[in-house]
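A.B. asks: query_34.cif is the file, holding mmCIF, N, CA and C atoms:
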```cif
data_input
loop_
_atom_site.label_atom_id
_atom_site.label_comp_id
_atom_site.auth_asym_id
_atom_site.auth_seq_id
_atom_site.Cartn_x
_atom_site.Cartn_y
_atom_site.Cartn_z
N GLU A 1 -15.83 19.29 -19.42
CA GLU A 1 -14.62 19.22 -20.23
C GLU A 1 -13.63 20.27 -19.75
N ALA A 2 -12.50 19.85 -19.28
CA ALA A 2 -11.53 20.76 -18.71
C ALA A 2 -10.94 21.69 -19.77
N GLY A 3 -10.72 21.21 -20.99
CA GLY A 3 -10.05 22.01 -22.01
C GLY A 3 -10.97 22.93 -22.80
N SER A 4 -12.25 22.96 -22.50
CA SER A 4 -13.17 23.73 -23.35
C SER A 4 -13.49 25.12 -22.81
N THR A 5 -13.02 25.47 -21.63
CA THR A 5 -13.32 26.81 -21.12
C THR A 5 -12.43 27.83 -21.81
N TRP A 6 -12.96 29.05 -21.94
CA TRP A 6 -12.24 30.11 -22.65
C TRP A 6 -11.64 31.06 -21.62
N ASP A 7 -10.29 31.11 -21.58
CA ASP A 7 -9.64 31.97 -20.59
C ASP A 7 -8.66 32.95 -21.24
N LYS A 8 -8.83 33.17 -22.54
CA LYS A 8 -7.91 34.05 -23.26
C LYS A 8 -8.55 35.41 -23.46
N ASN A 9 -7.73 36.41 -23.65
CA ASN A 9 -8.19 37.74 -24.03
C ASN A 9 -7.66 38.02 -25.42
N ARG A 10 -8.42 37.67 -26.44
CA ARG A 10 -7.97 37.89 -27.80
C ARG A 10 -8.80 38.97 -28.46
N PHE A 11 -8.11 39.88 -29.11
CA PHE A 11 -8.77 40.96 -29.83
C PHE A 11 -8.41 40.86 -31.30
N TRP A 12 -9.38 41.10 -32.15
CA TRP A 12 -9.22 40.95 -33.59
C TRP A 12 -9.67 42.21 -34.30
N LYS A 13 -8.91 42.63 -35.31
CA LYS A 13 -9.25 43.81 -36.10
C LYS A 13 -9.71 43.36 -37.48
N VAL A 14 -10.79 43.97 -37.96
CA VAL A 14 -11.32 43.66 -39.29
C VAL A 14 -10.39 44.21 -40.36
N VAL A 15 -10.04 43.36 -41.34
CA VAL A 15 -9.16 43.76 -42.44
C VAL A 15 -9.67 43.15 -43.75
N ASN A 16 -9.12 43.59 -44.84
CA ASN A 16 -9.32 42.99 -46.17
C ASN A 16 -10.74 43.09 -46.73
N LEU A 17 -11.56 43.98 -46.20
CA LEU A 17 -12.90 44.12 -46.75
C LEU A 17 -12.92 45.03 -47.97
N GLY A 18 -12.21 46.13 -47.91
CA GLY A 18 -12.23 47.07 -49.02
C GLY A 18 -13.56 47.78 -49.11
N GLU A 19 -13.82 48.36 -50.26
CA GLU A 19 -15.05 49.12 -50.48
C GLU A 19 -16.06 48.28 -51.24
N GLY A 20 -17.30 48.67 -51.17
CA GLY A 20 -18.32 48.00 -51.97
C GLY A 20 -19.37 47.31 -51.12
N GLU A 21 -20.54 47.24 -51.68
CA GLU A 21 -21.70 46.67 -50.99
C GLU A 21 -21.51 45.18 -50.69
N SER A 22 -20.80 44.46 -51.58
CA SER A 22 -20.65 43.01 -51.38
C SER A 22 -19.55 42.68 -50.38
N ASN A 23 -18.78 43.67 -49.97
CA ASN A 23 -17.68 43.43 -49.05
C ASN A 23 -18.03 43.85 -47.63
N LYS A 24 -19.17 43.38 -47.16
CA LYS A 24 -19.60 43.67 -45.79
C LYS A 24 -19.41 42.43 -44.93
N LEU A 25 -19.09 42.65 -43.66
CA LEU A 25 -18.93 41.55 -42.72
C LEU A 25 -20.00 41.68 -41.65
N ALA A 26 -20.87 40.69 -41.57
CA ALA A 26 -22.03 40.76 -40.68
C ALA A 26 -21.68 40.29 -39.27
N LEU A 27 -22.12 41.07 -38.29
CA LEU A 27 -22.11 40.67 -36.89
C LEU A 27 -23.52 40.20 -36.61
N VAL A 28 -23.67 38.90 -36.27
CA VAL A 28 -25.01 38.31 -36.15
C VAL A 28 -25.22 37.69 -34.78
N SER A 29 -26.48 37.39 -34.46
CA SER A 29 -26.84 36.94 -33.12
C SER A 29 -26.73 35.43 -32.92
N ARG A 30 -26.42 34.66 -33.97
CA ARG A 30 -26.21 33.22 -33.77
C ARG A 30 -25.10 32.72 -34.69
N ALA A 31 -24.57 31.56 -34.36
CA ALA A 31 -23.44 31.00 -35.09
C ALA A 31 -23.88 30.56 -36.49
N GLU A 32 -23.65 31.42 -37.45
CA GLU A 32 -23.99 31.13 -38.83
C GLU A 32 -23.08 31.96 -39.73
N PRO A 33 -22.49 31.34 -40.78
CA PRO A 33 -21.55 32.09 -41.62
C PRO A 33 -22.24 32.99 -42.65
N PHE A 34 -21.80 34.24 -42.67
CA PHE A 34 -22.22 35.21 -43.68
C PHE A 34 -20.95 35.90 -44.17
N ALA A 35 -20.27 35.26 -45.13
CA ALA A 35 -18.97 35.76 -45.60
C ALA A 35 -19.14 36.88 -46.61
N PRO A 36 -18.22 37.85 -46.59
CA PRO A 36 -18.25 38.91 -47.60
C PRO A 36 -18.15 38.32 -49.01
N GLY A 37 -18.98 38.80 -49.91
CA GLY A 37 -18.94 38.34 -51.29
C GLY A 37 -19.60 37.00 -51.55
N SER A 38 -20.16 36.37 -50.51
CA SER A 38 -20.75 35.03 -50.67
C SER A 38 -22.17 35.10 -51.23
N GLY A 39 -22.77 36.27 -51.15
CA GLY A 39 -24.16 36.41 -51.57
C GLY A 39 -25.16 36.11 -50.47
N ARG A 40 -24.70 35.54 -49.36
CA ARG A 40 -25.59 35.28 -48.22
C ARG A 40 -25.70 36.53 -47.37
N VAL A 41 -26.90 36.96 -47.10
CA VAL A 41 -27.15 38.15 -46.30
C VAL A 41 -28.05 37.77 -45.13
N PRO A 42 -27.67 38.15 -43.90
CA PRO A 42 -28.50 37.78 -42.76
C PRO A 42 -29.83 38.53 -42.75
N SER A 43 -30.85 37.88 -42.22
CA SER A 43 -32.14 38.56 -42.07
C SER A 43 -32.02 39.64 -41.00
N ALA A 44 -32.94 40.57 -41.02
CA ALA A 44 -32.90 41.71 -40.10
C ALA A 44 -32.91 41.27 -38.63
N ASP A 45 -33.59 40.16 -38.33
CA ASP A 45 -33.64 39.72 -36.93
C ASP A 45 -32.33 39.08 -36.47
N LEU A 46 -31.47 38.64 -37.40
CA LEU A 46 -30.16 38.08 -37.05
C LEU A 46 -29.07 39.14 -37.01
N LEU A 47 -29.16 40.15 -37.88
CA LEU A 47 -28.11 41.13 -38.04
C LEU A 47 -28.06 42.08 -36.85
N ILE A 48 -26.89 42.16 -36.22
CA ILE A 48 -26.66 43.14 -35.15
C ILE A 48 -26.16 44.43 -35.80
N ARG A 49 -25.13 44.32 -36.61
CA ARG A 49 -24.65 45.45 -37.41
C ARG A 49 -23.60 44.97 -38.40
N TRP A 50 -23.21 45.83 -39.33
CA TRP A 50 -22.17 45.52 -40.31
C TRP A 50 -20.84 46.02 -39.76
N LEU A 51 -19.81 45.17 -39.84
CA LEU A 51 -18.46 45.57 -39.43
C LEU A 51 -17.72 46.12 -40.63
N GLN A 52 -16.76 47.00 -40.37
CA GLN A 52 -15.95 47.62 -41.42
C GLN A 52 -14.48 47.45 -41.09
N ASP A 53 -13.60 47.64 -42.10
CA ASP A 53 -12.17 47.60 -41.86
C ASP A 53 -11.82 48.50 -40.69
N GLY A 54 -11.00 48.00 -39.77
CA GLY A 54 -10.56 48.78 -38.62
C GLY A 54 -11.37 48.54 -37.36
N ASP A 55 -12.58 47.97 -37.49
CA ASP A 55 -13.37 47.65 -36.29
C ASP A 55 -12.65 46.57 -35.49
N VAL A 56 -12.79 46.62 -34.17
CA VAL A 56 -12.12 45.66 -33.29
C VAL A 56 -13.19 44.91 -32.49
N VAL A 57 -12.99 43.58 -32.38
CA VAL A 57 -13.88 42.74 -31.59
C VAL A 57 -13.04 41.93 -30.60
N GLU A 58 -13.67 41.55 -29.48
CA GLU A 58 -13.03 40.68 -28.51
C GLU A 58 -13.61 39.28 -28.66
N GLN A 59 -12.73 38.29 -28.80
CA GLN A 59 -13.18 36.90 -28.93
C GLN A 59 -13.68 36.42 -27.58
N MET A 60 -14.88 35.80 -27.57
CA MET A 60 -15.53 35.41 -26.32
C MET A 60 -15.52 33.89 -26.08
N GLY A 61 -15.03 33.12 -27.03
CA GLY A 61 -15.05 31.67 -26.88
C GLY A 61 -14.38 31.01 -28.07
N HIS A 62 -14.55 29.70 -28.15
CA HIS A 62 -13.92 28.92 -29.22
C HIS A 62 -14.66 29.11 -30.54
N SER A 63 -13.89 29.25 -31.63
CA SER A 63 -14.47 29.35 -32.97
C SER A 63 -15.01 27.99 -33.39
N LYS A 64 -15.93 28.01 -34.36
CA LYS A 64 -16.53 26.78 -34.89
C LYS A 64 -16.41 26.77 -36.40
N LYS A 65 -16.24 25.57 -36.96
CA LYS A 65 -16.29 25.42 -38.41
C LYS A 65 -17.74 25.17 -38.81
N MET A 66 -18.22 25.97 -39.75
CA MET A 66 -19.60 25.82 -40.22
C MET A 66 -19.67 26.07 -41.72
N ARG A 67 -20.14 25.10 -42.46
CA ARG A 67 -20.37 25.24 -43.89
C ARG A 67 -19.19 25.83 -44.64
N GLY A 68 -17.99 25.38 -44.30
CA GLY A 68 -16.79 25.81 -45.01
C GLY A 68 -16.18 27.11 -44.50
N TYR A 69 -16.71 27.63 -43.41
CA TYR A 69 -16.18 28.87 -42.84
C TYR A 69 -15.90 28.68 -41.35
N MET A 70 -15.01 29.53 -40.83
CA MET A 70 -14.75 29.57 -39.39
C MET A 70 -15.55 30.75 -38.84
N VAL A 71 -16.46 30.46 -37.91
CA VAL A 71 -17.23 31.53 -37.26
C VAL A 71 -16.74 31.66 -35.82
N MET A 72 -16.74 32.89 -35.32
CA MET A 72 -16.12 33.19 -34.04
C MET A 72 -17.09 33.98 -33.16
N PRO A 73 -17.23 33.57 -31.88
CA PRO A 73 -18.08 34.33 -30.94
C PRO A 73 -17.31 35.57 -30.46
N VAL A 74 -17.94 36.74 -30.58
CA VAL A 74 -17.24 37.98 -30.27
C VAL A 74 -18.14 38.98 -29.55
N ARG A 75 -17.49 40.00 -29.01
CA ARG A 75 -18.16 41.18 -28.48
C ARG A 75 -17.52 42.38 -29.17
N PRO A 76 -18.31 43.24 -29.81
CA PRO A 76 -17.71 44.41 -30.46
C PRO A 76 -17.16 45.36 -29.41
N MET A 77 -16.03 45.97 -29.70
CA MET A 77 -15.41 46.91 -28.78
C MET A 77 -15.85 48.33 -29.11
N GLY A 78 -15.85 49.18 -28.10
CA GLY A 78 -16.19 50.57 -28.32
C GLY A 78 -17.66 50.83 -28.52
N GLU A 79 -18.52 49.94 -28.02
CA GLU A 79 -19.96 50.13 -28.16
C GLU A 79 -20.56 50.32 -26.78
N PRO A 80 -20.74 51.56 -26.34
CA PRO A 80 -21.29 51.78 -25.00
C PRO A 80 -22.74 51.30 -24.90
N GLY A 81 -23.04 50.67 -23.79
CA GLY A 81 -24.41 50.25 -23.53
C GLY A 81 -24.92 49.16 -24.45
N GLY A 82 -24.01 48.33 -24.97
CA GLY A 82 -24.42 47.24 -25.84
C GLY A 82 -25.23 46.20 -25.09
N PRO A 83 -26.04 45.42 -25.79
CA PRO A 83 -26.83 44.38 -25.14
C PRO A 83 -25.96 43.39 -24.37
N GLU A 84 -26.48 42.89 -23.31
CA GLU A 84 -25.73 41.97 -22.45
C GLU A 84 -25.76 40.52 -22.96
N ASP A 85 -26.49 40.26 -24.02
CA ASP A 85 -26.61 38.88 -24.49
C ASP A 85 -25.50 38.49 -25.46
N ALA A 86 -24.40 39.24 -25.48
CA ALA A 86 -23.23 38.81 -26.27
C ALA A 86 -22.78 37.47 -25.68
N PRO A 87 -22.15 36.58 -26.39
CA PRO A 87 -21.44 36.89 -27.61
C PRO A 87 -22.32 36.87 -28.86
N TYR A 88 -21.86 37.67 -29.80
CA TYR A 88 -22.41 37.63 -31.14
C TYR A 88 -21.45 36.80 -31.98
N TRP A 89 -21.77 36.63 -33.24
CA TRP A 89 -20.95 35.76 -34.10
C TRP A 89 -20.55 36.51 -35.36
N VAL A 90 -19.36 36.18 -35.86
CA VAL A 90 -18.86 36.78 -37.07
C VAL A 90 -18.07 35.72 -37.85
N THR A 91 -18.06 35.83 -39.18
CA THR A 91 -17.30 34.91 -40.01
C THR A 91 -15.86 35.38 -40.05
N ARG A 92 -14.94 34.54 -39.55
CA ARG A 92 -13.54 34.94 -39.44
C ARG A 92 -12.75 34.67 -40.72
N ARG A 93 -12.96 33.49 -41.32
CA ARG A 93 -12.20 33.13 -42.52
C ARG A 93 -12.81 31.92 -43.20
N VAL A 94 -12.31 31.63 -44.40
CA VAL A 94 -12.70 30.43 -45.14
C VAL A 94 -11.86 29.26 -44.66
N VAL A 95 -12.49 28.09 -44.47
CA VAL A 95 -11.72 26.89 -44.12
C VAL A 95 -11.89 25.80 -45.16
N ASP A 96 -12.84 25.94 -46.06
CA ASP A 96 -13.10 24.95 -47.10
C ASP A 96 -12.23 25.27 -48.31
N LYS A 97 -11.31 24.39 -48.64
CA LYS A 97 -10.36 24.63 -49.73
C LYS A 97 -11.04 24.72 -51.10
N THR A 98 -12.29 24.25 -51.20
CA THR A 98 -12.97 24.29 -52.50
C THR A 98 -13.65 25.62 -52.74
N LYS A 99 -13.74 26.47 -51.73
CA LYS A 99 -14.39 27.77 -51.89
C LYS A 99 -13.42 28.78 -52.51
N ASP A 100 -13.98 29.82 -53.12
CA ASP A 100 -13.16 30.88 -53.68
C ASP A 100 -12.46 31.64 -52.56
N SER A 101 -11.41 32.34 -52.91
CA SER A 101 -10.67 33.23 -52.00
C SER A 101 -10.24 32.53 -50.72
N VAL A 102 -9.63 31.35 -50.86
CA VAL A 102 -9.23 30.56 -49.70
C VAL A 102 -8.25 31.31 -48.81
N ASP A 103 -7.40 32.14 -49.40
CA ASP A 103 -6.36 32.81 -48.62
C ASP A 103 -6.86 34.05 -47.89
N VAL A 104 -8.11 34.44 -48.09
CA VAL A 104 -8.60 35.67 -47.48
C VAL A 104 -9.01 35.43 -46.03
N GLU A 105 -8.45 36.23 -45.14
CA GLU A 105 -8.90 36.26 -43.75
C GLU A 105 -9.41 37.65 -43.50
N TRP A 106 -10.52 37.77 -42.78
CA TRP A 106 -11.13 39.07 -42.53
C TRP A 106 -10.75 39.66 -41.18
N PHE A 107 -9.86 38.97 -40.47
CA PHE A 107 -9.42 39.47 -39.16
C PHE A 107 -7.93 39.23 -38.99
N VAL A 108 -7.28 40.13 -38.26
CA VAL A 108 -5.93 39.90 -37.76
C VAL A 108 -5.99 40.09 -36.25
N GLU A 109 -5.25 39.24 -35.53
CA GLU A 109 -5.22 39.38 -34.08
C GLU A 109 -4.39 40.60 -33.71
N THR A 110 -4.84 41.33 -32.70
CA THR A 110 -4.07 42.48 -32.22
C THR A 110 -3.78 42.30 -30.74
N ARG A 111 -2.62 42.78 -30.33
CA ARG A 111 -2.24 42.77 -28.92
C ARG A 111 -1.60 44.12 -28.62
N ASN A 112 -2.16 44.86 -27.69
CA ASN A 112 -1.68 46.20 -27.36
C ASN A 112 -1.65 47.10 -28.59
N GLY A 113 -2.64 46.94 -29.47
CA GLY A 113 -2.74 47.77 -30.66
C GLY A 113 -1.87 47.34 -31.82
N GLU A 114 -1.04 46.33 -31.63
CA GLU A 114 -0.14 45.84 -32.68
C GLU A 114 -0.69 44.55 -33.28
N GLU A 115 -0.51 44.38 -34.59
CA GLU A 115 -0.95 43.14 -35.23
C GLU A 115 -0.03 42.00 -34.81
N VAL A 116 -0.62 40.82 -34.57
CA VAL A 116 0.12 39.63 -34.20
C VAL A 116 0.09 38.69 -35.39
N ARG A 117 1.27 38.34 -35.88
CA ARG A 117 1.33 37.39 -37.00
C ARG A 117 1.03 35.98 -36.49
N ARG A 118 0.48 35.16 -37.34
CA ARG A 118 0.11 33.79 -36.96
C ARG A 118 1.32 33.02 -36.43
N GLU A 119 2.48 33.21 -37.05
CA GLU A 119 3.69 32.50 -36.63
C GLU A 119 4.07 32.89 -35.20
N ASP A 120 3.93 34.20 -34.88
CA ASP A 120 4.26 34.67 -33.53
C ASP A 120 3.32 34.06 -32.50
N ARG A 121 2.04 33.94 -32.86
CA ARG A 121 1.05 33.38 -31.94
C ARG A 121 1.38 31.94 -31.64
N ARG A 122 1.78 31.19 -32.66
CA ARG A 122 2.11 29.77 -32.47
C ARG A 122 3.34 29.61 -31.58
N SER A 123 4.37 30.44 -31.78
CA SER A 123 5.59 30.29 -30.98
C SER A 123 5.30 30.60 -29.51
N GLN A 124 4.37 31.52 -29.23
CA GLN A 124 4.01 31.82 -27.85
C GLN A 124 3.26 30.65 -27.23
N GLN A 125 2.43 29.97 -28.01
CA GLN A 125 1.69 28.83 -27.47
C GLN A 125 2.63 27.70 -27.09
N LYS A 126 3.71 27.51 -27.87
CA LYS A 126 4.65 26.44 -27.58
C LYS A 126 5.43 26.72 -26.30
N GLN A 127 5.59 27.99 -25.96
CA GLN A 127 6.34 28.37 -24.76
C GLN A 127 5.56 28.09 -23.49
N ARG A 128 4.26 27.96 -23.57
CA ARG A 128 3.43 27.76 -22.37
C ARG A 128 3.60 26.39 -21.79
#
```
In structure tokens, what does this structure look like?

C.D. replies:
Amino acid sequence: EAGSTWDKNRFWKVVNLGEGESNKLALVSRAEPFAPGSGRVPSADLLIRWLQDGDVVEQMGHSKKMRGYMVMPVRPMGEPGGPEDAPYWVTRRVVDKTKDSVDVEWFVETRNGEEVRREDRRSQQKQR
């Protein structure tokens, strides 16, 4: 498939988690949604680590819709000597309109340290 290869360099910063035990974002070893506040917690063998507000990840491929959520393959940034079997997976946002907190996204795209608004990203895609 010609259109399925990943040739972008996208970086995402964790946002909107806040404080509290239920507001954790799991970085896991396979494509499975574990959304903050959902009550689903990954088993120890799936969990790589918990992400916090301000953490940055690099997107490694195309996101997938799974069980009402968008999950994204990523590599955490700033982790020296990390395992070579990345990508890992993280829940990016809700896509099922029937779920609570539909408007919550747990990531914003960053470029050169600046946040990229969704509208700006779309206008750049049209220019290509």

A.B. asks: Care to translate the PyMOL selection byres (((chain A and resi 9 and name CA) around 9) and name CA) into actual residues of this file, as a list in words?

C.D. replies: Trp6, Asp7, Lys8, Arg10, Phe11, Glu58, Gln59 and Met60 of chain A

A.B. asks: Which distance in Å separates CA of Trp106 in chain A and CA of Ser43 in chain A, to one decimal?

C.D. replies: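 Going from CA of Trp106 in chain A over to CA of Ser43 in chain A covers 21.0 Å.
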
A.B. asks: For the file shown, what are the residues hit by the PyMOL selection byres ((chain A and resi 24) around 8), laid out as a list in words?

C.D. replies: Leu17, Gly18, Glu19, Gly20, Glu21, Ser22, Asn23, Leu25, Ala26, Leu27, Phe34, Ala35, Pro36, Gly37, Ser38, Trp50, Leu51 and Gln52 of chain A

A.B. asks: Next, the residues of the selection above should be written as an mmCIF file, keeping the file's coordinate frame with N, CA and C atoms.

C.D. replies:
```cif
data_model
loop_
_atom_site.group_PDB
_atom_site.id
_atom_site.type_symbol
_atom_site.label_atom_id
_atom_site.label_comp_id
_atom_site.auth_asym_id
_atom_site.auth_seq_id
_atom_site.Cartn_x
_atom_site.Cartn_y
_atom_site.Cartn_z
ATOM 1 N N LEU A 17 -11.560 43.980 -46.200
ATOM 2 C CA LEU A 17 -12.900 44.120 -46.750
ATOM 3 C C LEU A 17 -12.920 45.030 -47.970
ATOM 4 N N GLY A 18 -12.210 46.130 -47.910
ATOM 5 C CA GLY A 18 -12.230 47.070 -49.020
ATOM 6 C C GLY A 18 -13.560 47.780 -49.110
ATOM 7 N N GLU A 19 -13.820 48.360 -50.260
ATOM 8 C CA GLU A 19 -15.050 49.120 -50.480
ATOM 9 C C GLU A 19 -16.060 48.280 -51.240
ATOM 10 N N GLY A 20 -17.300 48.670 -51.170
ATOM 11 C CA GLY A 20 -18.320 48.000 -51.970
ATOM 12 C C GLY A 20 -19.370 47.310 -51.120
ATOM 13 N N GLU A 21 -20.540 47.240 -51.680
ATOM 14 C CA GLU A 21 -21.700 46.670 -50.990
ATOM 15 C C GLU A 21 -21.510 45.180 -50.690
ATOM 16 N N SER A 22 -20.800 44.460 -51.580
ATOM 17 C CA SER A 22 -20.650 43.010 -51.380
ATOM 18 C C SER A 22 -19.550 42.680 -50.380
ATOM 19 N N ASN A 23 -18.780 43.670 -49.970
ATOM 20 C CA ASN A 23 -17.680 43.430 -49.050
ATOM 21 C C ASN A 23 -18.030 43.850 -47.630
ATOM 22 N N LEU A 25 -19.090 42.650 -43.660
ATOM 23 C CA LEU A 25 -18.930 41.550 -42.720
ATOM 24 C C LEU A 25 -20.000 41.680 -41.650
ATOM 25 N N ALA A 26 -20.870 40.690 -41.570
ATOM 26 C CA ALA A 26 -22.030 40.760 -40.680
ATOM 27 C C ALA A 26 -21.680 40.290 -39.270
ATOM 28 N N LEU A 27 -22.120 41.070 -38.290
ATOM 29 C CA LEU A 27 -22.110 40.670 -36.890
ATOM 30 C C LEU A 27 -23.520 40.200 -36.610
ATOM 31 N N PHE A 34 -21.800 34.240 -42.670
ATOM 32 C CA PHE A 34 -22.220 35.210 -43.680
ATOM 33 C C PHE A 34 -20.950 35.900 -44.170
ATOM 34 N N ALA A 35 -20.270 35.260 -45.130
ATOM 35 C CA ALA A 35 -18.970 35.760 -45.600
ATOM 36 C C ALA A 35 -19.140 36.880 -46.610
ATOM 37 N N PRO A 36 -18.220 37.850 -46.590
ATOM 38 C CA PRO A 36 -18.250 38.910 -47.600
ATOM 39 C C PRO A 36 -18.150 38.320 -49.010
ATOM 40 N N GLY A 37 -18.980 38.800 -49.910
ATOM 41 C CA GLY A 37 -18.940 38.340 -51.290
ATOM 42 C C GLY A 37 -19.600 37.000 -51.550
ATOM 43 N N SER A 38 -20.160 36.370 -50.510
ATOM 44 C CA SER A 38 -20.750 35.030 -50.670
ATOM 45 C C SER A 38 -22.170 35.100 -51.230
ATOM 46 N N TRP A 50 -23.210 45.830 -39.330
ATOM 47 C CA TRP A 50 -22.170 45.520 -40.310
ATOM 48 C C TRP A 50 -20.840 46.020 -39.760
ATOM 49 N N LEU A 51 -19.810 45.170 -39.840
ATOM 50 C CA LEU A 51 -18.460 45.570 -39.430
ATOM 51 C C LEU A 51 -17.720 46.120 -40.630
ATOM 52 N N GLN A 52 -16.760 47.000 -40.370
ATOM 53 C CA GLN A 52 -15.950 47.620 -41.420
ATOM 54 C C GLN A 52 -14.480 47.450 -41.090
#
```

A.B. asks: So how many Å separate atom N of Pro87 in chain A and atom C of Glu105 in chain A, to one decimal?

C.D. replies: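 Separation of atom N of Pro87 in chain A and atom C of Glu105 in chain A: 21.4 Å.
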
A.B. asks: I would like the residues chosen by the PyMOL selection byres ((chain A and resi 89) around 6) on the shown file; could you give them as a ChimeraX atom specification?

C.D. replies: /A:26-31,72-74,87-88,90-91

A.B. asks: Figure out the distance between atom C of Gly113 in chain A and atom N of Ile48 in chain A, please, to one decimal in Å.

C.D. replies: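 Separating atom N of Ile48 in chain A from atom C of Gly113 in chain A is a distance of 25.9 Å.
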
A.B. asks: Pick out the residues sitting within 8 Å of Met66 in chain A, and hand them over as a count of residues only; count all atoms listed in the file, and ignore anything fewer than 3 positions along from it in its own chain.

C.D. replies: 8

A.B. asks: Using only N, CA and C atoms, can you tell me which of A:Val94, A:Arg111, A:Val14, A:Val104 comes closest to Gly54 in chain A?

C.D. replies: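 Checking each of A:Val94, A:Arg111, A:Val14, A:Val104 against Gly54 in chain A, counting only N, CA and C atoms, the winner is A:Val14.
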
A.B. asks: If you run DSSP on the backbone, which residues of range 14-112 of chain A are strand (DSSP E or B), as a VMD selection string?

C.D. replies: chain A and resid 14 25 to 28 47 to 51 56 to 59 64 to 66 69 to 76 88 to 94 105 107 to 111

A.B. asks: Write the residues of the selection above to a file with N, CA and C atoms, as a short mmCIF file (atom, residue, chain, number, x, y, z; two decimals), keeping the file's coordinate frame.

C.D. replies:
```
data_model
loop_
_atom_site.label_atom_id
_atom_site.label_comp_id
_atom_site.auth_asym_id
_atom_site.auth_seq_id
_atom_site.Cartn_x
_atom_site.Cartn_y
_atom_site.Cartn_z
N VAL A 14 -10.79 43.97 -37.96
CA VAL A 14 -11.32 43.66 -39.29
C VAL A 14 -10.39 44.21 -40.36
N LEU A 25 -19.09 42.65 -43.66
CA LEU A 25 -18.93 41.55 -42.72
C LEU A 25 -20.00 41.68 -41.65
N ALA A 26 -20.87 40.69 -41.57
CA ALA A 26 -22.03 40.76 -40.68
C ALA A 26 -21.68 40.29 -39.27
N LEU A 27 -22.12 41.07 -38.29
CA LEU A 27 -22.11 40.67 -36.89
C LEU A 27 -23.52 40.20 -36.61
N VAL A 28 -23.67 38.90 -36.27
CA VAL A 28 -25.01 38.31 -36.15
C VAL A 28 -25.22 37.69 -34.78
N LEU A 47 -29.16 40.15 -37.88
CA LEU A 47 -28.11 41.13 -38.04
C LEU A 47 -28.06 42.08 -36.85
N ILE A 48 -26.89 42.16 -36.22
CA ILE A 48 -26.66 43.14 -35.15
C ILE A 48 -26.16 44.43 -35.80
N ARG A 49 -25.13 44.32 -36.61
CA ARG A 49 -24.65 45.45 -37.41
C ARG A 49 -23.60 44.97 -38.40
N TRP A 50 -23.21 45.83 -39.33
CA TRP A 50 -22.17 45.52 -40.31
C TRP A 50 -20.84 46.02 -39.76
N LEU A 51 -19.81 45.17 -39.84
CA LEU A 51 -18.46 45.57 -39.43
C LEU A 51 -17.72 46.12 -40.63
N VAL A 56 -12.79 46.62 -34.17
CA VAL A 56 -12.12 45.66 -33.29
C VAL A 56 -13.19 44.91 -32.49
N VAL A 57 -12.99 43.58 -32.38
CA VAL A 57 -13.88 42.74 -31.59
C VAL A 57 -13.04 41.93 -30.60
N GLU A 58 -13.67 41.55 -29.48
CA GLU A 58 -13.03 40.68 -28.51
C GLU A 58 -13.61 39.28 -28.66
N GLN A 59 -12.73 38.29 -28.80
CA GLN A 59 -13.18 36.90 -28.93
C GLN A 59 -13.68 36.42 -27.58
N LYS A 64 -15.93 28.01 -34.36
CA LYS A 64 -16.53 26.78 -34.89
C LYS A 64 -16.41 26.77 -36.40
N LYS A 65 -16.24 25.57 -36.96
CA LYS A 65 -16.29 25.42 -38.41
C LYS A 65 -17.74 25.17 -38.81
N MET A 66 -18.22 25.97 -39.75
CA MET A 66 -19.60 25.82 -40.22
C MET A 66 -19.67 26.07 -41.72
N TYR A 69 -16.71 27.63 -43.41
CA TYR A 69 -16.18 28.87 -42.84
C TYR A 69 -15.90 28.68 -41.35
N MET A 70 -15.01 29.53 -40.83
CA MET A 70 -14.75 29.57 -39.39
C MET A 70 -15.55 30.75 -38.84
N VAL A 71 -16.46 30.46 -37.91
CA VAL A 71 -17.23 31.53 -37.26
C VAL A 71 -16.74 31.66 -35.82
N MET A 72 -16.74 32.89 -35.32
CA MET A 72 -16.12 33.19 -34.04
C MET A 72 -17.09 33.98 -33.16
N PRO A 73 -17.23 33.57 -31.88
CA PRO A 73 -18.08 34.33 -30.94
C PRO A 73 -17.31 35.57 -30.46
N VAL A 74 -17.94 36.74 -30.58
CA VAL A 74 -17.24 37.98 -30.27
C VAL A 74 -18.14 38.98 -29.55
N ARG A 75 -17.49 40.00 -29.01
CA ARG A 75 -18.16 41.18 -28.48
C ARG A 75 -17.52 42.38 -29.17
N PRO A 76 -18.31 43.24 -29.81
CA PRO A 76 -17.71 44.41 -30.46
C PRO A 76 -17.16 45.36 -29.41
N TYR A 88 -21.86 37.67 -29.80
CA TYR A 88 -22.41 37.63 -31.14
C TYR A 88 -21.45 36.80 -31.98
N TRP A 89 -21.77 36.63 -33.24
CA TRP A 89 -20.95 35.76 -34.10
C TRP A 89 -20.55 36.51 -35.36
N VAL A 90 -19.36 36.18 -35.86
CA VAL A 90 -18.86 36.78 -37.07
C VAL A 90 -18.07 35.72 -37.85
N THR A 91 -18.06 35.83 -39.18
CA THR A 91 -17.30 34.91 -40.01
C THR A 91 -15.86 35.38 -40.05
N ARG A 92 -14.94 34.54 -39.55
CA ARG A 92 -13.54 34.94 -39.44
C ARG A 92 -12.75 34.67 -40.72
N ARG A 93 -12.96 33.49 -41.32
CA ARG A 93 -12.20 33.13 -42.52
C ARG A 93 -12.81 31.92 -43.20
N VAL A 94 -12.31 31.63 -44.40
CA VAL A 94 -12.70 30.43 -45.14
C VAL A 94 -11.86 29.26 -44.66
N GLU A 105 -8.45 36.23 -45.14
CA GLU A 105 -8.90 36.26 -43.75
C GLU A 105 -9.41 37.65 -43.50
N PHE A 107 -9.86 38.97 -40.47
CA PHE A 107 -9.42 39.47 -39.16
C PHE A 107 -7.93 39.23 -38.99
N VAL A 108 -7.28 40.13 -38.26
CA VAL A 108 -5.93 39.90 -37.76
C VAL A 108 -5.99 40.09 -36.25
N GLU A 109 -5.25 39.24 -35.53
CA GLU A 109 -5.22 39.38 -34.08
C GLU A 109 -4.39 40.60 -33.71
N THR A 110 -4.84 41.33 -32.70
CA THR A 110 -4.07 42.48 -32.22
C THR A 110 -3.78 42.30 -30.74
N ARG A 111 -2.62 42.78 -30.33
CA ARG A 111 -2.24 42.77 -28.92
C ARG A 111 -1.60 44.12 -28.62
#
```
